[in-house]
>>> print(open('my_file-v6.cif').read())   # mmCIF, C-alpha atoms
data_structure
loop_
_atom_site.label_atom_id
_atom_site.label_comp_id
_atom_site.auth_asym_id
_atom_site.auth_seq_id
_atom_site.Cartn_x
_atom_site.Cartn_y
_atom_site.Cartn_z
CA MET J 87 -6.37 -23.28 19.19
CA ALA J 88 -8.17 -24.63 16.13
CA GLU J 89 -5.98 -25.98 13.37
CA VAL J 90 -5.21 -23.35 10.73
CA LYS J 91 -5.81 -24.52 7.19
CA LYS J 92 -3.01 -24.06 4.70
CA ARG J 93 -3.64 -21.43 2.06
CA SER J 94 -1.71 -19.88 -0.79
CA TYR J 95 -0.58 -16.31 -1.29
CA ASN J 96 -1.01 -14.72 -4.72
CA PRO J 97 -0.18 -11.00 -4.70
CA SER J 98 -1.37 -10.55 -8.29
CA LEU J 99 -4.95 -11.10 -7.12
CA ASN J 100 -4.81 -8.08 -4.81
CA PRO J 101 -5.25 -4.81 -6.74
CA ARG J 102 -3.76 -2.83 -3.84
CA ILE J 103 -0.57 -4.89 -4.00
CA THR J 104 -0.43 -4.43 -7.79
CA GLU J 105 -0.80 -0.67 -7.40
CA PHE J 106 1.93 -0.68 -4.76
CA HIS J 107 4.31 -2.60 -7.03
CA ASP J 108 3.61 -0.21 -9.92
CA SER J 109 4.45 2.75 -7.70
CA LEU J 110 7.74 1.15 -6.61
CA GLN J 111 8.72 0.53 -10.22
CA GLU J 112 7.90 4.11 -11.19
CA ASN J 113 10.08 5.47 -8.39
CA PRO J 114 13.05 3.07 -8.02
CA GLU J 115 15.15 5.54 -6.02
CA ASP J 116 12.44 6.73 -3.64
CA GLY J 117 9.77 4.08 -4.03
CA TRP J 118 8.93 3.38 -0.40
CA ASN J 119 8.65 7.06 0.43
CA LYS J 120 6.38 7.71 -2.55
CA CYS J 121 4.13 4.81 -1.53
CA TRP J 122 3.72 6.28 1.95
CA GLU J 123 3.15 9.73 0.48
CA LYS J 124 0.38 8.39 -1.79
CA GLY J 125 -1.13 6.15 0.88
CA MET J 126 -0.29 2.96 -1.03
CA THR J 127 0.35 0.86 2.06
CA PRO J 128 -1.74 -2.33 1.76
CA TRP J 129 0.16 -3.94 4.67
CA ASP J 130 -0.86 -1.22 7.15
CA LEU J 131 -3.56 -2.60 9.48
CA GLY J 132 -4.22 0.70 11.23
CA ARG J 133 -3.97 -1.01 14.63
CA PRO J 134 -1.53 -3.11 16.67
CA LEU J 135 -0.90 -6.66 15.51
CA PRO J 136 -2.94 -9.11 17.63
CA VAL J 137 0.10 -11.36 18.12
CA ILE J 138 2.00 -8.48 19.74
CA LEU J 139 -0.86 -7.85 22.12
CA HIS J 140 -0.82 -11.57 22.95
CA LEU J 141 2.91 -11.47 23.76
CA LEU J 142 2.30 -8.50 26.04
CA GLU J 143 -0.67 -10.09 27.77
CA THR J 144 1.29 -13.28 28.45
CA GLY J 145 4.35 -11.38 29.68
CA THR J 146 6.62 -13.08 27.14
CA LEU J 147 8.00 -9.97 25.42
CA PRO J 148 11.55 -9.23 26.62
CA LYS J 149 12.25 -6.00 28.46
CA GLY J 150 15.16 -3.61 27.94
CA ARG J 151 16.11 -1.84 24.73
CA ALA J 152 14.08 -2.92 21.69
CA LEU J 153 14.57 -2.20 18.00
CA ILE J 154 11.90 -2.33 15.29
CA PRO J 155 13.24 -1.94 11.72
CA GLY J 156 10.77 -0.94 9.02
CA CYS J 157 8.29 0.30 11.63
CA GLY J 158 5.94 2.10 9.23
CA SER J 159 3.12 3.93 11.02
CA GLY J 160 4.21 2.38 14.30
CA TYR J 161 0.80 1.37 15.62
CA ASP J 162 2.37 -1.36 17.72
CA VAL J 163 4.98 0.84 19.33
CA PRO J 164 2.93 2.59 22.05
CA ALA J 165 1.62 -0.83 23.13
CA ILE J 166 5.13 -2.28 23.38
CA ALA J 167 6.91 0.70 24.93
CA ALA J 168 7.10 1.01 28.71
CA PRO J 169 9.45 2.39 31.36
CA ASP J 170 11.25 -0.98 31.35
CA ARG J 171 11.17 -1.37 27.56
CA PHE J 172 12.50 1.53 25.47
CA VAL J 173 11.74 1.11 21.77
CA VAL J 174 13.81 2.50 18.89
CA CYS J 175 11.88 2.49 15.61
CA LEU J 176 13.42 2.90 12.16
CA ASP J 177 11.96 3.44 8.72
CA ILE J 178 13.60 4.55 5.50
CA SER J 179 10.56 6.69 4.61
CA ASP J 180 10.31 10.12 6.20
CA HIS J 181 6.59 10.12 5.37
CA ALA J 182 6.15 6.94 7.43
CA ILE J 183 8.14 8.39 10.33
CA ASN J 184 6.19 11.66 10.26
CA ARG J 185 2.96 9.66 10.27
CA ALA J 186 4.15 7.58 13.22
CA LYS J 187 5.13 10.68 15.19
CA GLU J 188 1.80 12.32 14.41
CA LEU J 189 -0.09 9.31 15.75
CA SER J 190 1.90 8.79 18.93
CA SER J 191 3.86 11.85 20.04
CA SER J 192 1.16 13.02 22.45
CA LEU J 193 0.63 9.67 24.17
CA PRO J 194 1.45 9.30 27.89
CA ASN J 195 4.37 6.92 27.25
CA ALA J 196 5.92 8.95 24.41
CA ASN J 197 9.18 9.21 26.37
CA CYS J 198 9.52 5.40 26.13
CA PHE J 199 10.04 5.28 22.34
CA THR J 200 11.66 7.17 19.49
CA PHE J 201 11.10 7.18 15.73
CA GLN J 202 14.06 7.74 13.40
CA GLN J 203 14.20 8.09 9.64
CA ALA J 204 17.15 5.87 8.76
CA ASP J 205 18.32 3.06 6.52
CA PHE J 206 18.69 -0.07 8.65
CA PHE J 207 21.67 -1.19 6.56
CA THR J 208 23.75 1.97 7.05
CA TRP J 209 22.55 3.06 10.51
CA THR J 210 24.70 2.41 13.57
CA PRO J 211 23.24 2.58 17.09
CA THR J 212 25.24 3.74 20.09
CA GLU J 213 24.12 0.75 22.17
CA GLN J 214 23.12 -2.84 21.49
CA PHE J 215 19.59 -4.13 22.01
CA ASP J 216 17.94 -6.75 24.20
CA LEU J 217 15.25 -7.36 21.58
CA ILE J 218 14.84 -6.92 17.84
CA PHE J 219 11.33 -7.39 16.51
CA ASP J 220 11.14 -7.97 12.75
CA TYR J 221 7.46 -7.78 11.81
CA THR J 222 8.09 -8.72 8.16
CA PHE J 223 10.96 -6.39 7.30
CA PHE J 224 12.83 -9.51 6.15
CA ALA J 225 10.10 -10.13 3.55
CA ALA J 226 10.21 -6.53 2.32
CA ILE J 227 13.88 -6.53 1.35
CA ASP J 228 15.38 -8.09 -1.75
CA PRO J 229 16.38 -11.71 -0.98
CA ASN J 230 19.91 -10.94 -2.16
CA ILE J 231 20.52 -8.68 0.83
CA ARG J 232 19.14 -11.02 3.46
CA PRO J 233 22.68 -11.99 4.57
CA ALA J 234 23.37 -8.29 5.23
CA TRP J 235 20.18 -8.18 7.31
CA GLY J 236 21.48 -11.09 9.35
CA ASN J 237 24.83 -9.44 9.96
CA LYS J 238 23.15 -6.27 11.19
CA VAL J 239 20.82 -8.19 13.50
CA ARG J 240 23.81 -10.06 14.94
CA ASP J 241 25.76 -6.85 15.51
CA PHE J 242 22.83 -4.92 16.98
CA LEU J 243 21.79 -7.58 19.52
CA LYS J 244 23.41 -8.08 22.91
CA PRO J 245 25.05 -11.50 23.37
CA ASP J 246 21.98 -12.79 25.22
CA GLY J 247 19.51 -10.80 23.11
CA GLU J 248 16.43 -12.17 21.40
CA LEU J 249 15.20 -11.80 17.84
CA ILE J 250 11.47 -12.20 17.26
CA THR J 251 10.37 -12.64 13.65
CA LEU J 252 6.91 -12.64 12.14
CA ILE J 253 7.57 -15.05 9.27
CA SER J 254 5.15 -13.89 6.57
CA PRO J 255 3.99 -14.41 3.89
CA ILE J 256 4.96 -18.07 3.82
CA SER J 257 4.88 -18.59 0.09
CA ASP J 258 6.93 -19.56 -2.95
CA HIS J 259 5.51 -16.85 -5.22
CA VAL J 260 7.87 -14.98 -7.53
CA GLY J 261 8.70 -11.33 -7.01
CA GLY J 262 7.87 -8.82 -4.33
CA PRO J 263 7.80 -7.07 -2.00
CA PRO J 264 6.61 -8.80 0.00
CA TYR J 265 8.86 -11.61 -1.14
CA GLY J 266 7.84 -15.14 -0.25
CA VAL J 267 9.56 -16.53 2.83
CA SER J 268 9.91 -19.80 4.67
CA VAL J 269 11.36 -20.91 7.97
CA ALA J 270 14.28 -22.34 6.00
CA ASP J 271 15.04 -18.88 4.57
CA TYR J 272 15.54 -17.52 8.08
CA GLU J 273 17.55 -20.56 9.17
CA LYS J 274 19.84 -20.20 6.14
CA VAL J 275 20.73 -16.68 7.21
CA LEU J 276 20.67 -16.98 11.00
CA HIS J 277 22.22 -20.37 11.77
CA PRO J 278 25.69 -19.54 10.36
CA LEU J 279 25.68 -16.39 12.51
CA GLY J 280 25.18 -18.30 15.75
CA PHE J 281 21.43 -17.95 16.18
CA GLU J 282 19.34 -20.82 17.50
CA SER J 283 15.56 -21.04 17.26
CA VAL J 284 13.83 -21.12 20.63
CA SER J 285 10.40 -21.71 19.11
CA ILE J 286 8.70 -21.51 15.72
CA VAL J 287 4.91 -21.76 15.87
CA ASP J 288 1.92 -20.95 13.71
CA ASN J 289 0.64 -17.45 14.32
CA ASP J 290 -2.80 -18.30 15.70
CA TYR J 291 -3.42 -14.56 16.15
CA ALA J 292 -2.96 -13.59 12.50
CA VAL J 293 -5.62 -11.37 10.97
CA GLU J 294 -8.11 -13.29 8.84
CA SER J 295 -6.54 -12.49 5.45
CA ARG J 296 -3.15 -13.80 6.66
CA LYS J 297 -4.19 -16.93 8.54
CA GLY J 298 -2.15 -19.95 7.48
CA LEU J 299 0.54 -17.71 5.99
CA GLU J 300 2.41 -16.69 9.14
CA LYS J 301 4.59 -18.19 11.84
CA LEU J 302 6.15 -16.58 14.88
CA GLY J 303 9.84 -17.33 15.29
CA ARG J 304 11.92 -16.64 18.39
CA TRP J 305 15.72 -16.79 18.13
CA LYS J 306 18.53 -16.43 20.66
CA LYS J 307 22.00 -15.25 19.84
CA THR J 308 24.97 -17.23 21.11
CA GLY J 309 28.52 -15.94 21.32
CA GLU J 310 29.98 -12.47 21.48
CA SER J 311 29.78 -9.63 18.98
CA SER J 312 30.10 -5.88 19.18
CA LEU J 313 29.10 -2.79 17.29
CA PRO J 314 31.50 -1.77 14.54
#
>>> encode(input="my_file-v6.cif", output="structure tokens")
Amino acid sequence: MAEVKKRSYNPSLNPRITEFHDSLQENPEDGWNKCWEKGMTPWDLGRPLPVILHLLETGTLPKGRALIPGCGSGYDVPAIAAPDRFVVCLDISDHAINRAKELSSSLPNANCFTFQQADFFTWTPTEQFDLIFDYTFFAAIDPNIRPAWGNKVRDFLKPDGELITLISPISDHVGGPPYGVSVADYEKVLHPLGFESVSIVDNDYAVESRKGLEKLGRWKKTGESSLP
């Protein structure tokens, strides 16, 4: 792969991001839902992420039960889901979940995934997962609750489970969402909980507007934990 040039991320230069932030501020209690209702979703590509398709093509995406928090429209889900990989998808917005169901409920593999309107931080699954895929949910939440995110990931994963993170946007800008993230931000949360990084690499499959701002991190959980 060709070397990816470093670039900076400045959300104030994107009018769609500014409009999205304004909507969140106007609706502090139901901001995400209102943004989906109004179509203010500048992060939504309208297609599966190329890096996910790459993981599938190379056979490096774990099988078993998978969880995707903050799934949005769920374009990636039908590609990931298979008889040997059942995918549970969460989003706090019922408009996002309804959109995801509308797009995918009639697909041939619809029995291999489920969409649920739920808050990741208060939801409790009945079983643990082999895989959690965080597309950038970490970057969407307030940095103050990142430790709570880590605790949930630890509890939801099986002892030998894998966490895959799309670390983006790599930036030190102020404010959000998306809030700026770094590899160190993930390490600060995950290392004390017994996670070890298997690999952290540049996302060579990032869409053009995000090149140089993303890394793909793969983490393994060590030690035992159980659902509350």
>>> closest_residue(input="my_file-v6.cif", among="J:Gly280, J:Pro245, J:Pro164, J:Pro255", to="Thr222 (chain J)", atoms="only C-alpha atoms")
J:Pro255
>>> residues_around(input="my_file-v6.cif", residues="Gly303 (chain J)", least_positions_apart="4", cutoff="6 Å", atoms="all atoms listed in the file", output="count of residues only")
4
>>> atom_distance(input="my_file-v6.cif", atom1="CA of Ser179 (chain J)", atom2="CA of Pro136 (chain J)")
24.5 Å
>>> axis_aligned_box(input="my_file-v6.cif", around="region 181-188 of chain J", padding_each_side="4 Å", output="JSON")
{"center_x": 5.0, "center_y": 9.6, "center_z": 10.3, "size_x": 14.3, "size_y": 13.4, "size_z": 17.8}
>>> residues_around(input="my_file-v6.cif", residues="Phe242 (chain J)", least_positions_apart="2", cutoff="8 Å", atoms="only C-alpha atoms", output="list of chain:residue names")
J:Pro211, J:Glu213, J:Gln214, J:Phe215, J:Lys238, J:Val239, J:Arg240, J:Lys244, J:Ser312, J:Leu313
>>> closest_residue(input="my_file-v6.cif", among="J:Leu176, J:Lys297, J:Gly132, J:Tyr161", to="Leu193 (chain J)", atoms="all atoms listed in the file")
J:Tyr161
>>> resolve_selection(input="my_file-v6.cif", expression="the PyMOL selection byres ((chain J and resi 256-272) around 6)", output="ChimeraX atom specification")
/J:225-226,254-255,273-276,299
>>> atom_distance(input="my_file-v6.cif", atom1="CA of Ile166 (chain J)", atom2="CA of Glu123 (chain J)")
25.9 Å
>>> closest_residue(input="my_file-v6.cif", among="J:Asp288, J:Lys307, J:Ala182, J:Pro194", to="Asn237 (chain J)", atoms="all atoms listed in the file")
J:Lys307
